[in-house]
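As structure tokens, the structure follows; a few thoughts come after it.
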Amino acid sequence: MRLLKAGYQGIYLPELGVAMDGTHPDADFTFVTHAHADHMHKNRSAHTYASQPTLKLMHLRGFRGSSTELKFNTPFETDRFTVTLYPAGHILGSAMIFIESDSGSLLYTGDYRTPPSPATEGFNAPPRADFLITEATFGLPIYRWKTTDELAEEIRSFAKDTLAEGYTPVFLAYNLGKAQEIMHLLAPLNHPAMIHGAGFNLCSVYVEENIDLGNFMAYERETCEGKILVCPSSALSGGFASNVKKKRIAYCSGWASLESRRTQLTVDKLIPISDHLDFYELIDFCERMDPKKVYITHTPNPDVVKHFLDERNISSAFLNTEMQADD
Ligand SMILES: [Zn+2]
Ligand SMILES: [Zn+2]
């Protein structure tokens, strides 16, 4: 199967006229895995196929083009191929794209997470794929996540203890996906939460999909003291909750597993919770798909991932330049 990586992001399959997570001038079909900025496009003229939550989130984030909703786990036939979206467990609406054609089958993961984020549709994959294109954001053996239950307990304890001591807890979490996951994990506490405005706007899609985000409202500077606060790290430097003297800050990210981040960010607690899979889950998933070839993208360490795949006799290549391998 011939793959073309068009610029820094996006995959193009010239034989099928398929573009994924980017647009291509010759594409007849443009798929988007999820609504993070590095995956969604804003090109009005590209008719876009995606899951319903992804399209809703894309519209809230400025996409104005035409679109077709695809249901998860349900094959969609075209004259050249069959495509099925599988839930990727990364953020709400996130999908892996599975394409079956005369050139074989290909699974493009986008960003994904196993086990899935509890604030998503879950995770489900086809039994196998001839070709696998996988991100490897956390492609180093130092990244091994705690279980979702352990992380939920850590997050709730931080909020409870901080409030009990008369401080306001602040969770630093990206506006789409991580913020809602943190809110969902905090929902059982029933304590009022205030969310940064940009993240708040996206919460409606989660509520429509019946994800419990607890007792939440949009951030208000004057009344935020004593609430649980959720915002991206950039908002904090922009003055978010700067009127609250007694606050404690938790940084929620896969990168929080690096202790050095604490001093870089001057936060009170690091909570290593990611919406990507960890290194071991990544290697296991590649093995489970039993592919003829794995293409590795979105990674600072392709050689490390390749080394571990070689050890399991899984053929792989790094996909990062303009034009990529035939196979
Ligand atoms: Zn993403
Ligand atoms: Zn991404």
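Here, A, B, ... name the chains of the structure tokens in the order displayed, residue numbers run from 1 inside each chain, and ligands are numbered from 1 in the same displayed order.
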
Using DSSP on the backbone, list every residue of stretch 78-239 of chain A that comes out as strand (DSSP E), and give them as number ranges by chain.
A: 82-87, 95-101, 104-108, 131-135, 168-172, 193-195, 216-218, 228-231

Could those residues be written to a file, using N, CA and C atoms, as a CSV table (one decimal), in the first residue's frame?
chain,number,residue,atom,x,y,z
A,82,THR,N,-14.0,-0.2,1.8
A,82,THR,CA,-14.9,-0.2,3.0
A,82,THR,C,-14.2,0.5,4.1
A,83,VAL,N,-14.9,1.4,4.8
A,83,VAL,CA,-14.2,2.0,6.0
A,83,VAL,C,-15.1,1.8,7.2
A,84,THR,N,-14.4,1.6,8.3
A,84,THR,CA,-15.1,1.4,9.6
A,84,THR,C,-14.3,2.2,10.7
A,85,LEU,N,-15.1,3.0,11.4
A,85,LEU,CA,-14.5,3.8,12.5
A,85,LEU,C,-14.6,2.9,13.8
A,86,TYR,N,-13.5,2.8,14.5
A,86,TYR,CA,-13.4,2.1,15.8
A,86,TYR,C,-13.1,3.1,16.9
A,87,PRO,N,-13.8,3.1,18.0
A,87,PRO,CA,-13.6,4.0,19.1
A,87,PRO,C,-12.1,3.9,19.6
A,95,ALA,N,-11.6,8.4,16.9
A,95,ALA,CA,-11.8,7.1,16.1
A,95,ALA,C,-10.5,6.7,15.5
A,96,MET,N,-10.4,5.4,15.4
A,96,MET,CA,-9.3,4.8,14.5
A,96,MET,C,-10.0,4.5,13.2
A,97,ILE,N,-9.3,4.7,12.1
A,97,ILE,CA,-9.9,4.5,10.8
A,97,ILE,C,-9.4,3.2,10.2
A,98,PHE,N,-10.3,2.3,9.9
A,98,PHE,CA,-10.0,1.0,9.3
A,98,PHE,C,-10.5,0.9,7.9
A,99,ILE,N,-9.5,0.7,7.0
A,99,ILE,CA,-9.9,0.7,5.5
A,99,ILE,C,-9.5,-0.6,4.9
A,100,GLU,N,-10.5,-1.2,4.3
A,100,GLU,CA,-10.3,-2.5,3.6
A,100,GLU,C,-10.5,-2.3,2.1
A,101,SER,N,-9.5,-2.7,1.3
A,101,SER,CA,-9.6,-2.6,-0.1
A,101,SER,C,-8.8,-3.7,-0.8
A,104,GLY,N,-5.4,-4.5,0.5
A,104,GLY,CA,-5.2,-5.0,1.9
A,104,GLY,C,-6.0,-4.1,2.9
A,105,SER,N,-5.8,-4.4,4.2
A,105,SER,CA,-6.4,-3.6,5.2
A,105,SER,C,-5.4,-2.7,5.9
A,106,LEU,N,-5.9,-1.6,6.3
A,106,LEU,CA,-5.0,-0.6,7.0
A,106,LEU,C,-5.8,0.0,8.2
A,107,LEU,N,-5.1,0.0,9.3
A,107,LEU,CA,-5.7,0.7,10.5
A,107,LEU,C,-4.8,1.9,10.8
A,108,TYR,N,-5.5,3.1,10.7
A,108,TYR,CA,-4.8,4.4,11.1
A,108,TYR,C,-5.3,4.7,12.5
A,131,PHE,N,-1.7,-3.4,7.6
A,131,PHE,CA,-0.8,-2.3,7.8
A,131,PHE,C,-1.4,-1.5,9.0
A,132,LEU,N,-0.5,-1.1,9.9
A,132,LEU,CA,-0.9,-0.3,11.0
A,132,LEU,C,-0.1,1.0,11.0
A,133,ILE,N,-0.8,2.1,11.1
A,133,ILE,CA,-0.1,3.4,11.3
A,133,ILE,C,-0.4,3.8,12.7
A,134,THR,N,0.6,3.9,13.5
A,134,THR,CA,0.4,4.3,14.9
A,134,THR,C,1.2,5.5,15.3
A,135,GLU,N,0.5,6.3,16.2
A,135,GLU,CA,1.3,7.3,16.9
A,135,GLU,C,2.1,6.6,17.9
A,168,THR,N,-8.0,26.1,47.6
A,168,THR,CA,-8.8,25.8,46.3
A,168,THR,C,-7.9,25.0,45.4
A,169,PRO,N,-8.4,23.8,45.1
A,169,PRO,CA,-7.6,22.9,44.1
A,169,PRO,C,-7.8,23.4,42.7
A,170,VAL,N,-6.7,23.4,42.0
A,170,VAL,CA,-6.7,23.8,40.6
A,170,VAL,C,-6.0,22.6,39.8
A,171,PHE,N,-6.8,22.1,38.8
A,171,PHE,CA,-6.2,21.1,38.0
A,171,PHE,C,-5.9,21.6,36.6
A,172,LEU,N,-4.6,21.5,36.3
A,172,LEU,CA,-4.1,22.0,35.0
A,172,LEU,C,-4.3,20.9,33.9
A,193,ALA,N,-17.6,22.6,40.4
A,193,ALA,CA,-16.4,22.8,39.7
A,193,ALA,C,-16.5,24.0,38.7
A,194,MET,N,-15.5,24.7,38.5
A,194,MET,CA,-15.5,25.8,37.5
A,194,MET,C,-14.5,25.5,36.4
A,195,ILE,N,-14.9,25.7,35.2
A,195,ILE,CA,-14.1,25.3,34.0
A,195,ILE,C,-13.7,26.5,33.2
A,216,PHE,N,-20.9,21.3,37.3
A,216,PHE,CA,-19.9,22.2,36.8
A,216,PHE,C,-20.5,23.5,36.2
A,217,MET,N,-19.7,24.5,36.1
A,217,MET,CA,-20.1,25.8,35.5
A,217,MET,C,-18.9,26.5,34.9
A,218,ALA,N,-19.2,27.5,34.2
A,218,ALA,CA,-18.0,28.3,33.6
A,218,ALA,C,-17.3,29.1,34.6
A,228,ILE,N,-13.7,23.6,42.8
A,228,ILE,CA,-12.6,22.8,42.1
A,228,ILE,C,-12.4,23.5,40.8
A,229,LEU,N,-11.2,23.9,40.4
A,229,LEU,CA,-11.0,24.7,39.2
A,229,LEU,C,-10.2,23.8,38.2
A,230,VAL,N,-10.6,23.9,36.9
A,230,VAL,CA,-9.9,23.2,35.8
A,230,VAL,C,-9.6,24.2,34.7
A,231,CYS,N,-8.3,24.2,34.3
A,231,CYS,CA,-7.9,25.1,33.2
A,231,CYS,C,-6.6,24.6,32.6

Taking only C-alpha atoms and all ligand atoms into account, list the residues no farther than 8 Å from ligand 1, as a VMD selection string.
chain A and resid 34 to 39 90 to 91 110 to 112 275 to 276

What is the distance, in Å and to one decimal place, between atom CA of A:Leu163 and atom CA of A:Gly226?
7.0 Å

Quick one: of A:Thr148, A:Asn243, A:Gln52, A:Ser234, who's nearest to A:Ala119, counting only C-alpha atoms?
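Once distances to A:Ala119 are computed over only C-alpha atoms, the minimum belongs to A:Thr148.
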
Find the residue from A:Arg288, A:Lys247, A:Arg64, A:Arg113 that sits nearest to ligand 2; use only C-alpha atoms and all ligand atoms when measuring.
A:Arg113

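Shortest separation to A:Gly197 among A:Leu258, A:Leu176, A:Ile273, A:Ile283 occurs at residue A:Leu176, atoms counted being only C-alpha atoms.
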
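Within the 7 Å cut-off around A:Ala27, using only C-alpha atoms and omitting residues fewer than 5 positions from it on the same chain, the listed residues are Gly17, Val18 and Ala19 of chain A.
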
Keeping only N, CA, C and O atoms, take the residues you just selected and write them out as an mmCIF file, in the first residue's frame.
data_model
loop_
_atom_site.group_PDB
_atom_site.id
_atom_site.type_symbol
_atom_site.label_atom_id
_atom_site.label_comp_id
_atom_site.auth_asym_id
_atom_site.auth_seq_id
_atom_site.Cartn_x
_atom_site.Cartn_y
_atom_site.Cartn_z
ATOM 1 N N GLY A 17 -7.472 7.686 -2.924
ATOM 2 C CA GLY A 17 -7.951 9.069 -2.841
ATOM 3 C C GLY A 17 -8.427 9.431 -1.449
ATOM 4 O O GLY A 17 -9.369 10.201 -1.271
ATOM 5 N N VAL A 18 -7.734 8.864 -0.426
ATOM 6 C CA VAL A 18 -8.156 9.066 0.962
ATOM 7 C C VAL A 18 -7.150 9.940 1.706
ATOM 8 O O VAL A 18 -5.950 9.648 1.692
ATOM 9 N N ALA A 19 -7.650 10.985 2.344
ATOM 10 C CA ALA A 19 -6.821 11.798 3.238
ATOM 11 C C ALA A 19 -7.319 11.590 4.660
ATOM 12 O O ALA A 19 -8.530 11.477 4.886
#

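In terms of minimum interatomic distance to A:Asn215, A:Lys227 ranks closest within A:Arg248, A:Lys227, A:His59, A:Arg312, counting only C-alpha atoms.
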
Going by DSSP on the backbone, which bits of stretch 165-276 of chain A are helix (DSSP H, G or I)? Write them as JSON, numbers by chain, please.
{"A": [178, 179, 180, 181, 182, 183, 184, 185, 186, 187, 188, 189, 197, 198, 199, 200, 201, 202, 203, 204, 205, 206, 207, 208, 221, 222, 223, 233, 234, 235, 236, 237, 254, 255, 256, 257, 260, 261, 262, 263, 264, 265]}

Please save C-alpha atoms of the selected residues as an mmCIF file, in the first residue's frame.
data_model
loop_
_atom_site.group_PDB
_atom_site.id
_atom_site.type_symbol
_atom_site.label_atom_id
_atom_site.label_comp_id
_atom_site.auth_asym_id
_atom_site.auth_seq_id
_atom_site.Cartn_x
_atom_site.Cartn_y
_atom_site.Cartn_z
ATOM 1 C CA LYS A 178 -8.208 15.983 29.529
ATOM 2 C CA ALA A 179 -10.325 18.660 31.258
ATOM 3 C CA GLN A 180 -13.495 16.591 30.779
ATOM 4 C CA GLU A 181 -11.764 13.400 31.887
ATOM 5 C CA ILE A 182 -10.653 15.085 35.127
ATOM 6 C CA MET A 183 -14.173 16.477 35.656
ATOM 7 C CA HIS A 184 -15.662 13.035 35.055
ATOM 8 C CA LEU A 185 -13.302 11.460 37.602
ATOM 9 C CA LEU A 186 -14.151 14.200 40.120
ATOM 10 C CA ALA A 187 -17.922 13.985 39.541
ATOM 11 C CA PRO A 188 -18.518 11.474 42.420
ATOM 12 C CA LEU A 189 -17.314 14.133 44.903
ATOM 13 C CA GLY A 197 -14.321 29.221 29.264
ATOM 14 C CA ALA A 198 -12.860 27.523 26.178
ATOM 15 C CA GLY A 199 -13.123 24.105 27.823
ATOM 16 C CA PHE A 200 -16.606 24.877 29.156
ATOM 17 C CA ASN A 201 -17.905 25.491 25.612
ATOM 18 C CA LEU A 202 -16.884 21.985 24.592
ATOM 19 C CA CYS A 203 -18.503 20.274 27.592
ATOM 20 C CA SER A 204 -21.983 20.411 26.018
ATOM 21 C CA VAL A 205 -20.988 17.705 23.536
ATOM 22 C CA TYR A 206 -19.906 15.439 26.411
ATOM 23 C CA VAL A 207 -23.186 16.043 28.250
ATOM 24 C CA GLU A 208 -25.160 15.231 25.064
ATOM 25 C CA ARG A 221 -13.109 35.103 38.763
ATOM 26 C CA GLU A 222 -15.112 36.625 41.612
ATOM 27 C CA THR A 223 -16.737 33.421 42.836
ATOM 28 C CA SER A 233 -1.569 25.664 32.127
ATOM 29 C CA SER A 234 -1.533 28.662 29.762
ATOM 30 C CA ALA A 235 -4.616 30.125 31.507
ATOM 31 C CA LEU A 236 -2.829 30.133 34.837
ATOM 32 C CA SER A 237 -0.055 32.359 33.533
ATOM 33 C CA GLY A 254 1.512 12.152 30.624
ATOM 34 C CA TRP A 255 4.547 14.450 30.773
ATOM 35 C CA ALA A 256 3.955 14.773 34.523
ATOM 36 C CA SER A 257 5.779 11.464 34.896
ATOM 37 C CA SER A 260 11.517 17.911 36.374
ATOM 38 C CA ARG A 261 8.158 19.299 35.263
ATOM 39 C CA ARG A 262 7.322 20.245 38.855
ATOM 40 C CA THR A 263 10.001 22.907 39.086
ATOM 41 C CA GLN A 264 9.503 24.004 35.475
ATOM 42 C CA LEU A 265 5.848 24.684 36.210
#

Between A:Ser67, A:Leu213, A:Tyr143, A:Thr120, single out the one closest to A:His191, counting only C-alpha atoms.
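Ranked by minimum distance to A:His191, first place goes to A:Leu213.
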
Calculated over only C-alpha atoms, which of the candidates A:Tyr49, A:Tyr295, A:Tyr174, A:Tyr219 has the smallest distance to A:Pro192?
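Smallest separation from A:Pro192 among the options: A:Tyr219.
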